[in-house]
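**Student:** Sending over structure27.cif (mmCIF, C-alpha atoms).
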```
data_query
#
loop_
_atom_site.label_atom_id
_atom_site.label_comp_id
_atom_site.auth_asym_id
_atom_site.auth_seq_id
_atom_site.Cartn_x
_atom_site.Cartn_y
_atom_site.Cartn_z
CA MET A 204 -40.86 142.01 92.47
CA ARG A 205 -43.89 140.39 94.08
CA ALA A 206 -43.93 139.89 97.83
CA ASP A 207 -43.63 136.11 97.58
CA GLU A 208 -40.65 136.44 95.25
CA ALA A 209 -38.96 138.86 97.65
CA ALA A 210 -39.55 136.43 100.51
CA ALA A 211 -38.06 133.58 98.47
CA ASP A 212 -35.00 135.71 97.65
CA LYS A 213 -34.56 136.58 101.31
CA LYS A 214 -34.82 132.95 102.31
CA ALA A 215 -32.24 131.91 99.69
CA LEU A 216 -29.92 134.70 100.86
CA GLU A 217 -30.21 133.79 104.51
CA GLU A 218 -30.71 130.03 104.47
CA GLY A 219 -29.39 128.84 101.12
CA ALA A 220 -26.12 127.23 100.15
CA ALA A 221 -25.34 129.74 97.40
CA PHE A 222 -22.54 132.15 98.22
CA THR A 223 -23.80 135.44 96.78
CA PRO A 224 -21.81 138.17 98.54
CA ARG A 225 -23.48 141.57 98.30
CA PHE A 226 -21.00 144.26 97.40
CA SER A 227 -21.92 147.88 98.09
CA ASP A 228 -22.46 150.43 95.36
CA ASP A 229 -18.73 151.13 95.56
CA GLY A 230 -18.02 147.46 94.80
CA LEU A 231 -16.77 146.64 98.30
CA ILE A 232 -17.72 144.27 101.09
CA VAL A 233 -16.47 144.61 104.65
CA CYS A 234 -14.36 141.88 106.24
CA VAL A 235 -13.66 141.35 109.94
CA THR A 236 -10.45 139.45 110.46
CA VAL A 237 -9.80 137.51 113.65
CA ASP A 238 -6.87 135.48 114.94
CA HIS A 239 -7.68 131.82 114.51
CA ARG A 240 -6.10 130.74 117.76
CA SER A 241 -7.19 133.47 120.16
CA GLY A 242 -10.32 134.70 118.40
CA GLU A 243 -9.07 138.26 118.88
CA VAL A 244 -10.40 140.78 116.38
CA LEU A 245 -7.30 141.96 114.53
CA MET A 246 -8.60 144.37 111.93
CA LEU A 247 -11.43 145.41 109.70
CA ALA A 248 -10.90 145.99 105.99
CA HIS A 249 -12.70 145.87 102.67
CA MET A 250 -12.61 143.54 99.70
CA ASN A 251 -13.69 144.02 96.13
CA ARG A 252 -14.63 141.05 93.94
CA GLN A 253 -11.03 140.52 92.86
CA ALA A 254 -9.67 140.59 96.42
CA LEU A 255 -12.28 138.04 97.48
CA ASP A 256 -11.59 135.78 94.51
CA GLU A 257 -7.83 135.91 95.04
CA THR A 258 -8.26 135.23 98.74
CA LEU A 259 -10.34 132.13 98.06
CA ALA A 260 -8.06 130.95 95.24
CA SER A 261 -4.79 131.43 97.13
CA GLY A 262 -5.78 130.99 100.77
CA ILE A 263 -3.93 134.25 101.49
CA MET A 264 -5.90 137.32 102.55
CA HIS A 265 -6.25 140.02 99.92
CA TYR A 266 -8.06 143.29 100.56
CA TRP A 267 -8.88 146.43 98.66
CA SER A 268 -7.02 149.43 100.01
CA ARG A 269 -9.44 152.34 99.89
CA SER A 270 -6.69 154.85 100.72
CA ARG A 271 -4.41 153.63 97.96
CA GLY A 272 -7.14 152.51 95.56
CA ALA A 273 -5.33 149.25 94.93
CA LEU A 274 -5.51 145.52 95.53
CA TRP A 275 -3.60 144.75 98.70
CA ARG A 276 -2.10 141.40 99.52
CA LYS A 277 -1.74 141.84 103.25
CA GLY A 278 1.83 141.30 104.39
CA ASP A 279 3.57 141.97 101.10
CA THR A 280 5.66 144.69 102.68
CA SER A 281 5.25 143.92 106.41
CA GLY A 282 5.61 140.15 106.27
CA GLN A 283 2.34 139.90 108.21
CA VAL A 284 0.84 137.53 105.67
CA GLN A 285 -2.54 136.17 106.73
CA SER A 286 -3.36 132.57 105.87
CA LEU A 287 -7.08 131.98 105.65
CA VAL A 288 -8.35 129.24 107.95
CA GLU A 289 -12.08 129.82 107.58
CA LEU A 290 -14.25 132.39 105.84
CA ARG A 291 -17.81 133.02 107.01
CA VAL A 292 -20.55 135.24 105.68
CA ASP A 293 -23.33 136.86 107.64
CA CYS A 294 -27.07 136.39 107.36
CA ASP A 295 -27.70 138.88 104.56
CA GLN A 296 -24.33 138.25 102.93
CA ASP A 297 -23.01 141.79 103.14
CA ALA A 298 -20.20 141.11 105.62
CA LEU A 299 -17.41 138.56 105.87
CA LEU A 300 -15.62 137.06 108.87
CA ALA A 301 -12.17 135.61 108.25
CA ARG A 302 -10.25 133.47 110.71
CA VAL A 303 -6.56 133.67 109.92
CA MET A 304 -3.12 132.53 110.98
CA VAL A 305 -0.79 135.52 110.96
CA GLY A 306 2.79 135.25 109.69
CA GLY A 307 5.76 137.50 110.33
CA ASP A 308 5.77 138.99 113.81
CA GLY A 309 2.15 137.93 114.34
CA GLY A 310 0.76 141.45 114.17
CA ALA A 311 -1.88 142.92 111.92
CA CYS A 312 -1.65 146.68 112.47
CA HIS A 313 0.70 148.98 110.60
CA THR A 314 1.41 150.81 113.87
CA GLY A 315 3.17 147.73 115.20
CA ARG A 316 0.37 146.51 117.45
CA ARG A 317 -1.05 143.04 117.16
CA SER A 318 -4.61 144.34 116.66
CA CYS A 319 -5.78 147.62 115.15
CA PHE A 320 -8.19 147.99 118.08
CA TYR A 321 -5.65 149.09 120.68
CA ARG A 322 -7.62 151.98 122.21
CA ARG A 323 -10.87 152.00 124.09
CA VAL A 324 -13.30 154.89 124.36
CA GLU A 325 -13.50 156.26 127.88
CA THR A 326 -16.58 158.40 128.42
CA VAL A 327 -16.10 159.65 131.95
CA GLY A 328 -15.62 163.42 131.70
CA GLY A 329 -16.03 163.49 127.91
CA ALA A 330 -15.05 160.85 125.36
CA ARG A 331 -11.34 160.20 125.07
CA LEU A 332 -9.17 157.27 124.06
CA VAL A 333 -7.20 155.14 126.47
CA PRO A 334 -4.68 152.50 125.44
CA THR A 335 -5.70 148.91 126.14
CA THR A 336 -3.24 146.47 127.56
CA MET B 57 -2.01 170.55 103.64
CA ARG B 58 1.76 170.37 104.00
CA ALA B 59 3.45 167.03 104.48
CA ASP B 60 4.43 167.72 108.08
CA GLU B 61 0.86 168.77 108.91
CA ALA B 62 -0.49 165.58 107.34
CA ALA B 63 1.98 163.53 109.39
CA ALA B 64 0.93 165.33 112.59
CA ASP B 65 -2.74 164.66 111.77
CA LYS B 66 -2.02 160.99 111.17
CA LYS B 67 -0.11 160.74 114.44
CA ALA B 68 -2.94 162.41 116.37
CA LEU B 69 -5.44 160.07 114.71
CA GLU B 70 -3.46 156.93 115.46
CA GLU B 71 -1.72 157.73 118.74
CA GLY B 72 -3.71 160.54 120.30
CA ALA B 73 -6.29 160.53 123.07
CA ALA B 74 -8.92 162.40 121.04
CA PHE B 75 -11.84 160.27 119.91
CA THR B 76 -12.50 161.54 116.37
CA PRO B 77 -14.48 158.78 114.64
CA ARG B 78 -14.37 159.07 110.87
CA PHE B 79 -17.78 158.62 109.35
CA SER B 80 -18.01 157.74 105.64
CA ASP B 81 -19.51 160.06 103.05
CA ASP B 82 -22.85 158.45 103.87
CA GLY B 83 -22.46 159.46 107.51
CA LEU B 84 -21.88 155.92 108.78
CA ILE B 85 -19.16 154.05 110.61
CA VAL B 86 -18.96 150.27 110.80
CA CYS B 87 -19.16 148.49 114.15
CA VAL B 88 -18.13 144.91 114.91
CA THR B 89 -19.99 143.58 117.91
CA VAL B 90 -18.63 140.71 119.97
CA ASP B 91 -19.91 138.80 122.97
CA HIS B 92 -18.08 140.04 126.04
CA ARG B 93 -17.81 136.65 127.68
CA SER B 94 -16.91 134.40 124.75
CA GLY B 95 -15.33 136.95 122.40
CA GLU B 96 -17.48 135.51 119.60
CA VAL B 97 -18.21 137.90 116.74
CA LEU B 98 -21.97 138.33 116.84
CA MET B 99 -22.75 140.82 114.10
CA LEU B 100 -21.57 143.72 112.03
CA ALA B 101 -23.66 146.85 111.68
CA HIS B 102 -23.37 150.57 111.08
CA MET B 103 -23.79 153.63 113.25
CA ASN B 104 -24.41 157.23 112.38
CA ARG B 105 -23.40 160.03 114.73
CA GLN B 106 -26.70 159.85 116.61
CA ALA B 107 -26.49 156.07 117.09
CA LEU B 108 -22.96 156.40 118.45
CA ASP B 109 -23.90 159.26 120.77
CA GLU B 110 -26.94 157.42 122.10
CA THR B 111 -24.89 154.25 122.59
CA LEU B 112 -22.29 156.12 124.65
CA ALA B 113 -24.90 158.08 126.60
CA SER B 114 -27.12 155.11 127.43
CA GLY B 115 -24.72 152.17 127.47
CA ILE B 116 -27.17 150.35 125.18
CA MET B 117 -26.16 149.58 121.59
CA HIS B 118 -27.85 151.72 118.95
CA TYR B 119 -27.22 151.26 115.24
CA TRP B 120 -28.38 152.83 112.02
CA SER B 121 -30.51 150.45 109.98
CA ARG B 122 -29.53 150.97 106.36
CA SER B 123 -32.44 148.86 105.12
CA ARG B 124 -35.01 150.77 107.12
CA GLY B 125 -33.23 154.12 107.08
CA ALA B 126 -33.84 154.57 110.78
CA LEU B 127 -32.14 154.65 114.16
CA TRP B 128 -32.26 151.18 115.63
CA ARG B 129 -32.04 150.41 119.31
CA LYS B 130 -31.05 146.77 119.04
CA GLY B 131 -33.45 144.53 120.93
CA ASP B 132 -36.45 146.84 120.99
CA THR B 133 -38.56 144.21 119.29
CA SER B 134 -36.50 141.04 119.87
CA GLY B 135 -35.53 141.61 123.47
CA GLN B 136 -31.90 141.04 122.45
CA VAL B 137 -30.77 144.28 124.03
CA GLN B 138 -27.01 144.71 123.99
CA SER B 139 -25.36 146.36 126.98
CA LEU B 140 -22.07 147.97 126.08
CA VAL B 141 -19.12 146.72 128.12
CA GLU B 142 -16.31 148.30 126.15
CA LEU B 143 -16.03 150.28 122.93
CA ARG B 144 -12.79 150.35 120.99
CA VAL B 145 -11.76 152.22 117.87
CA ASP B 146 -9.19 151.14 115.30
CA CYS B 147 -5.95 152.80 114.28
CA ASP B 148 -7.38 155.22 111.73
CA GLN B 149 -10.67 155.64 113.61
CA ASP B 150 -12.97 154.42 110.86
CA ALA B 151 -14.15 151.24 112.58
CA LEU B 152 -15.53 150.41 116.02
CA LEU B 153 -15.36 147.25 118.10
CA ALA B 154 -18.02 146.81 120.77
CA ARG B 155 -17.94 144.20 123.52
CA VAL B 156 -21.46 143.60 124.75
CA MET B 157 -23.59 141.58 127.13
CA VAL B 158 -26.63 140.29 125.29
CA GLY B 159 -30.07 140.24 126.90
CA GLY B 160 -33.14 138.24 125.98
CA ASP B 161 -32.32 134.80 124.61
CA GLY B 162 -28.66 135.77 124.21
CA GLY B 163 -28.81 135.87 120.43
CA ALA B 164 -27.96 138.66 118.03
CA CYS B 165 -29.26 137.47 114.67
CA HIS B 166 -32.81 138.01 113.45
CA THR B 167 -32.80 134.45 112.05
CA GLY B 168 -32.69 133.08 115.59
CA ARG B 169 -29.00 132.20 115.63
CA ARG B 170 -26.68 133.51 118.29
CA SER B 171 -24.30 135.02 115.71
CA CYS B 172 -25.05 136.32 112.21
CA PHE B 173 -21.99 134.43 110.95
CA TYR B 174 -23.54 130.96 110.93
CA ARG B 175 -22.31 129.80 107.52
CA ARG B 176 -18.82 129.21 106.24
CA VAL B 177 -17.68 129.40 102.66
CA GLU B 178 -16.63 126.00 101.34
CA THR B 179 -14.55 126.26 98.18
CA VAL B 180 -14.05 122.63 97.24
CA GLY B 181 -15.88 122.12 93.95
CA GLY B 182 -16.99 125.76 93.71
CA ALA B 183 -17.89 128.17 96.47
CA ARG B 184 -20.93 127.22 98.52
CA LEU B 185 -22.16 127.83 102.05
CA VAL B 186 -22.14 125.24 104.79
CA PRO B 187 -23.74 125.71 108.20
CA THR B 188 -21.36 125.97 111.12
CA THR B 189 -22.03 124.18 114.32
#
```
What does the file become when written as structure tokens?
**Tutor:**
Amino acid sequence: MRADEAAADKKALEEGAAFTPRFSDDGLIVCVTVDHRSGEVLMLAHMNRQALDETLASGIMHYWSRSRGALWRKGDTSGQVQSLVELRVDCDQDALLARVMVGGDGGACHTGRRSCFYRRVETVGGARLVPTT
Amino acid sequence: MRADEAAADKKALEEGAAFTPRFSDDGLIVCVTVDHRSGEVLMLAHMNRQALDETLASGIMHYWSRSRGALWRKGDTSGQVQSLVELRVDCDQDALLARVMVGGDGGACHTGRRSCFYRRVETVGGARLVPTT
């Protein structure tokens, strides 16, 4: 590719109206999911093409479970169904940001917490984890 | 590994005080970075072990640039240095959440925007990107 073509591609990717999500070599794209009302970061997960398509078609968050190797409609077993309010993509289109309304008990983490990010790293005297409130 | 050992490992990972970040096969872990004051999601990037160690040691966000294949002290060229306020880890310790104070012009995106997530996906009449305000 010539330099001017590469620059045009970069401009289209970053400034254009075409949604061209860039999946990794493993076919996945990362998605940050936040609570629509509070803005709290609830979880981070991955989507493959199918999960993204089904999310956009249904308005319900679908992910790709890397541990299970399967499409995962969040909430199918927990009731914590996530309704998509807004989906954003980042500058180079290799990350997604979903704002969602959470059903069920309002949580997103399989441990029972609202957010998966329930521990902070404390570095005084060596790194260790401390529960957040 | 026996089932009870696997369960103990999972419990330590999810409920323990030991910070044992799980890097992918490529040696990276994903980090969501949010503005400490507003809670806005600014960017998503990756860290290798060195970037994480230097971040914790210095209190300044370091990432691993996948495009450049190099350690990246955010803000070295842009002035948008990010001071770490709090680092969290998720349930299975394969994702990080950093709350930061942003220096320079307060932005995080190389395009000049405050956040990298400046476009939303509009699905009416086929997926396309629309600038957010």
**Student:** Can you give me, as a PDB file with C-alpha atoms, in the coordinates of the input, the residues this file yields under the PyMOL selection byres ((chain A) within 10 of (chain B))?
**Tutor:**
```
ATOM      1  CA  GLU A 217     -30.210 133.790 104.510  1.00  0.00           C
ATOM      2  CA  GLU A 218     -30.710 130.030 104.470  1.00  0.00           C
ATOM      3  CA  GLY A 219     -29.390 128.840 101.120  1.00  0.00           C
ATOM      4  CA  ALA A 220     -26.120 127.230 100.150  1.00  0.00           C
ATOM      5  CA  ALA A 221     -25.340 129.740  97.400  1.00  0.00           C
ATOM      6  CA  PHE A 222     -22.540 132.150  98.220  1.00  0.00           C
ATOM      7  CA  THR A 223     -23.800 135.440  96.780  1.00  0.00           C
ATOM      8  CA  VAL A 233     -16.470 144.610 104.650  1.00  0.00           C
ATOM      9  CA  CYS A 234     -14.360 141.880 106.240  1.00  0.00           C
ATOM     10  CA  VAL A 235     -13.660 141.350 109.940  1.00  0.00           C
ATOM     11  CA  VAL A 237      -9.800 137.510 113.650  1.00  0.00           C
ATOM     12  CA  SER A 241      -7.190 133.470 120.160  1.00  0.00           C
ATOM     13  CA  GLY A 242     -10.320 134.700 118.400  1.00  0.00           C
ATOM     14  CA  GLU A 243      -9.070 138.260 118.880  1.00  0.00           C
ATOM     15  CA  VAL A 244     -10.400 140.780 116.380  1.00  0.00           C
ATOM     16  CA  LEU A 245      -7.300 141.960 114.530  1.00  0.00           C
ATOM     17  CA  MET A 246      -8.600 144.370 111.930  1.00  0.00           C
ATOM     18  CA  LEU A 247     -11.430 145.410 109.700  1.00  0.00           C
ATOM     19  CA  ALA A 248     -10.900 145.990 105.990  1.00  0.00           C
ATOM     20  CA  LEU A 259     -10.340 132.130  98.060  1.00  0.00           C
ATOM     21  CA  ALA A 260      -8.060 130.950  95.240  1.00  0.00           C
ATOM     22  CA  GLU A 289     -12.080 129.820 107.580  1.00  0.00           C
ATOM     23  CA  LEU A 290     -14.250 132.390 105.840  1.00  0.00           C
ATOM     24  CA  ARG A 291     -17.810 133.020 107.010  1.00  0.00           C
ATOM     25  CA  VAL A 292     -20.550 135.240 105.680  1.00  0.00           C
ATOM     26  CA  ASP A 293     -23.330 136.860 107.640  1.00  0.00           C
ATOM     27  CA  CYS A 294     -27.070 136.390 107.360  1.00  0.00           C
ATOM     28  CA  ASP A 295     -27.700 138.880 104.560  1.00  0.00           C
ATOM     29  CA  GLN A 296     -24.330 138.250 102.930  1.00  0.00           C
ATOM     30  CA  ASP A 297     -23.010 141.790 103.140  1.00  0.00           C
ATOM     31  CA  ALA A 298     -20.200 141.110 105.620  1.00  0.00           C
ATOM     32  CA  LEU A 299     -17.410 138.560 105.870  1.00  0.00           C
ATOM     33  CA  LEU A 300     -15.620 137.060 108.870  1.00  0.00           C
ATOM     34  CA  ALA A 301     -12.170 135.610 108.250  1.00  0.00           C
ATOM     35  CA  CYS A 312      -1.650 146.680 112.470  1.00  0.00           C
ATOM     36  CA  HIS A 313       0.700 148.980 110.600  1.00  0.00           C
ATOM     37  CA  THR A 314       1.410 150.810 113.870  1.00  0.00           C
ATOM     38  CA  ARG A 316       0.370 146.510 117.450  1.00  0.00           C
ATOM     39  CA  SER A 318      -4.610 144.340 116.660  1.00  0.00           C
ATOM     40  CA  CYS A 319      -5.780 147.620 115.150  1.00  0.00           C
ATOM     41  CA  PHE A 320      -8.190 147.990 118.080  1.00  0.00           C
ATOM     42  CA  TYR A 321      -5.650 149.090 120.680  1.00  0.00           C
ATOM     43  CA  ARG A 322      -7.620 151.980 122.210  1.00  0.00           C
ATOM     44  CA  ARG A 323     -10.870 152.000 124.090  1.00  0.00           C
ATOM     45  CA  VAL A 324     -13.300 154.890 124.360  1.00  0.00           C
ATOM     46  CA  GLU A 325     -13.500 156.260 127.880  1.00  0.00           C
ATOM     47  CA  THR A 326     -16.580 158.400 128.420  1.00  0.00           C
ATOM     48  CA  GLY A 329     -16.030 163.490 127.910  1.00  0.00           C
ATOM     49  CA  ALA A 330     -15.050 160.850 125.360  1.00  0.00           C
ATOM     50  CA  ARG A 331     -11.340 160.200 125.070  1.00  0.00           C
ATOM     51  CA  LEU A 332      -9.170 157.270 124.060  1.00  0.00           C
ATOM     52  CA  VAL A 333      -7.200 155.140 126.470  1.00  0.00           C
ATOM     53  CA  PRO A 334      -4.680 152.500 125.440  1.00  0.00           C
ATOM     54  CA  THR A 335      -5.700 148.910 126.140  1.00  0.00           C
TER      55      THR A 335
END
```
**Student:** Quick one: everything within 9 Å of Lys277 (chain A), counting all atoms listed in the file, minus sequence neighbours fewer than 5 positions away in the same chain. Send it as a VMD selection string.
**Tutor:** chain A and resid 263 to 266 282 to 285 311
**Student:** Mind fitting chain A onto chain B over all Cα atoms in sequence order and sending the result as a CSV table (one decimal) with C-alpha atoms, in the coordinates of the input?
**Tutor:**
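To be explicit, this is the file written out as selection-v1.csv:
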```csv
chain,number,residue,atom,x,y,z
A,204,MET,CA,-2.0,170.6,103.7
A,205,ARG,CA,1.8,170.4,104.0
A,206,ALA,CA,3.5,167.0,104.5
A,207,ASP,CA,4.4,167.7,108.1
A,208,GLU,CA,0.9,168.8,108.9
A,209,ALA,CA,-0.5,165.6,107.4
A,210,ALA,CA,2.0,163.5,109.4
A,211,ALA,CA,0.9,165.3,112.6
A,212,ASP,CA,-2.7,164.7,111.8
A,213,LYS,CA,-2.0,161.0,111.2
A,214,LYS,CA,-0.1,160.7,114.4
A,215,ALA,CA,-2.9,162.4,116.4
A,216,LEU,CA,-5.5,160.1,114.7
A,217,GLU,CA,-3.5,156.9,115.5
A,218,GLU,CA,-1.7,157.7,118.7
A,219,GLY,CA,-3.7,160.5,120.3
A,220,ALA,CA,-6.3,160.5,123.1
A,221,ALA,CA,-8.9,162.4,121.0
A,222,PHE,CA,-11.9,160.3,119.9
A,223,THR,CA,-12.5,161.5,116.4
A,224,PRO,CA,-14.5,158.8,114.6
A,225,ARG,CA,-14.4,159.1,110.8
A,226,PHE,CA,-17.8,158.6,109.3
A,227,SER,CA,-18.0,157.7,105.6
A,228,ASP,CA,-19.5,160.1,103.1
A,229,ASP,CA,-22.9,158.4,103.9
A,230,GLY,CA,-22.5,159.5,107.5
A,231,LEU,CA,-21.9,155.9,108.8
A,232,ILE,CA,-19.1,154.0,110.6
A,233,VAL,CA,-19.0,150.3,110.8
A,234,CYS,CA,-19.2,148.5,114.1
A,235,VAL,CA,-18.1,144.9,114.9
A,236,THR,CA,-20.0,143.6,117.9
A,237,VAL,CA,-18.6,140.7,120.0
A,238,ASP,CA,-19.9,138.8,123.0
A,239,HIS,CA,-18.1,140.0,126.0
A,240,ARG,CA,-17.8,136.6,127.7
A,241,SER,CA,-16.9,134.4,124.7
A,242,GLY,CA,-15.3,136.9,122.4
A,243,GLU,CA,-17.5,135.5,119.6
A,244,VAL,CA,-18.2,137.9,116.7
A,245,LEU,CA,-22.0,138.3,116.8
A,246,MET,CA,-22.7,140.8,114.1
A,247,LEU,CA,-21.6,143.7,112.0
A,248,ALA,CA,-23.7,146.8,111.7
A,249,HIS,CA,-23.4,150.6,111.1
A,250,MET,CA,-23.8,153.6,113.3
A,251,ASN,CA,-24.4,157.2,112.4
A,252,ARG,CA,-23.4,160.0,114.7
A,253,GLN,CA,-26.7,159.8,116.6
A,254,ALA,CA,-26.5,156.1,117.1
A,255,LEU,CA,-23.0,156.4,118.4
A,256,ASP,CA,-23.9,159.3,120.8
A,257,GLU,CA,-26.9,157.4,122.1
A,258,THR,CA,-24.9,154.3,122.6
A,259,LEU,CA,-22.3,156.1,124.6
A,260,ALA,CA,-24.9,158.1,126.6
A,261,SER,CA,-27.1,155.1,127.4
A,262,GLY,CA,-24.7,152.2,127.5
A,263,ILE,CA,-27.2,150.3,125.2
A,264,MET,CA,-26.2,149.6,121.6
A,265,HIS,CA,-27.9,151.7,119.0
A,266,TYR,CA,-27.2,151.3,115.2
A,267,TRP,CA,-28.4,152.8,112.0
A,268,SER,CA,-30.5,150.5,110.0
A,269,ARG,CA,-29.5,151.0,106.4
A,270,SER,CA,-32.4,148.8,105.1
A,271,ARG,CA,-35.0,150.8,107.1
A,272,GLY,CA,-33.2,154.1,107.1
A,273,ALA,CA,-33.8,154.6,110.8
A,274,LEU,CA,-32.1,154.7,114.2
A,275,TRP,CA,-32.3,151.2,115.6
A,276,ARG,CA,-32.0,150.4,119.3
A,277,LYS,CA,-31.0,146.8,119.0
A,278,GLY,CA,-33.5,144.5,120.9
A,279,ASP,CA,-36.4,146.8,121.0
A,280,THR,CA,-38.6,144.2,119.3
A,281,SER,CA,-36.5,141.0,119.9
A,282,GLY,CA,-35.5,141.6,123.5
A,283,GLN,CA,-31.9,141.0,122.4
A,284,VAL,CA,-30.8,144.3,124.0
A,285,GLN,CA,-27.0,144.7,124.0
A,286,SER,CA,-25.4,146.4,127.0
A,287,LEU,CA,-22.1,148.0,126.1
A,288,VAL,CA,-19.1,146.7,128.1
A,289,GLU,CA,-16.3,148.3,126.1
A,290,LEU,CA,-16.0,150.3,122.9
A,291,ARG,CA,-12.8,150.4,121.0
A,292,VAL,CA,-11.8,152.2,117.9
A,293,ASP,CA,-9.2,151.1,115.3
A,294,CYS,CA,-6.0,152.8,114.3
A,295,ASP,CA,-7.4,155.2,111.7
A,296,GLN,CA,-10.7,155.6,113.6
A,297,ASP,CA,-13.0,154.4,110.9
A,298,ALA,CA,-14.2,151.2,112.6
A,299,LEU,CA,-15.5,150.4,116.0
A,300,LEU,CA,-15.4,147.2,118.1
A,301,ALA,CA,-18.0,146.8,120.8
A,302,ARG,CA,-17.9,144.2,123.5
A,303,VAL,CA,-21.5,143.6,124.7
A,304,MET,CA,-23.6,141.6,127.1
A,305,VAL,CA,-26.6,140.3,125.3
A,306,GLY,CA,-30.1,140.2,126.9
A,307,GLY,CA,-33.1,138.2,126.0
A,308,ASP,CA,-32.3,134.8,124.6
A,309,GLY,CA,-28.7,135.8,124.2
A,310,GLY,CA,-28.8,135.9,120.4
A,311,ALA,CA,-28.0,138.7,118.0
A,312,CYS,CA,-29.3,137.5,114.7
A,313,HIS,CA,-32.8,138.0,113.4
A,314,THR,CA,-32.8,134.5,112.1
A,315,GLY,CA,-32.7,133.1,115.6
A,316,ARG,CA,-29.0,132.2,115.6
A,317,ARG,CA,-26.7,133.5,118.3
A,318,SER,CA,-24.3,135.0,115.7
A,319,CYS,CA,-25.1,136.3,112.2
A,320,PHE,CA,-22.0,134.4,111.0
A,321,TYR,CA,-23.5,131.0,110.9
A,322,ARG,CA,-22.3,129.8,107.5
A,323,ARG,CA,-18.8,129.2,106.3
A,324,VAL,CA,-17.7,129.4,102.7
A,325,GLU,CA,-16.6,126.0,101.3
A,326,THR,CA,-14.6,126.3,98.2
A,327,VAL,CA,-14.0,122.6,97.2
A,328,GLY,CA,-15.9,122.1,93.9
A,329,GLY,CA,-17.0,125.7,93.7
A,330,ALA,CA,-17.9,128.2,96.5
A,331,ARG,CA,-21.0,127.2,98.5
A,332,LEU,CA,-22.1,127.8,102.1
A,333,VAL,CA,-22.1,125.2,104.8
A,334,PRO,CA,-23.7,125.7,108.2
A,335,THR,CA,-21.3,126.0,111.1
A,336,THR,CA,-22.0,124.2,114.3
```
**Student:** Can you measure CA of Leu127 (chain B) to CA of Val156 (chain B) for me? One decimal in Å is fine.
**Tutor:**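 Interatomic distance here is 18.7 Å.
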**Student:** So which one's closest to Gly278 (chain A), A:Leu231, A:Leu216, A:Val305, A:Leu255? Using only C-alpha atoms, please.
**Tutor:** A:Val305
**Student:** Expressed in Å to a single decimal, how great is the separation between CA of Gly125 (chain B) and CA of Ala206 (chain A)?
**Tutor:**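 Atom-to-atom, CA of Gly125 (chain B) and CA of Ala206 (chain A) are spaced 20.1 Å apart.
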**Student:** Extract, using only C-alpha atoms, all DNA, RNA and protein residues at most 8 Å from Phe226 (chain A), discarding same-chain residues fewer than 2 positions from it, and format them as a list in words.
**Tutor:**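 The contact residues come out as Pro224, Asp228, Asp229, Gly230, Leu231, Ile232, Asn251, Arg252 and Asp297 of chain A.
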**Student:** Between CA of Ser270 (chain A) and CA of Glu61 (chain B), what is the distance in Å, rounded to a tenth?
**Tutor:**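 A separation of 17.8 Å between them.
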**Student:** Return as JSON the centre and edge lengths, in Å with one decimal, of the box along x, y and z that encloses every atom of region 170-187 of chain B in the file, padded by 5 Å per side.
**Tutor:**
```
{"center_x": -20.4, "center_y": 129.2, "center_z": 106.0, "size_x": 22.6, "size_y": 24.2, "size_z": 34.6}
```
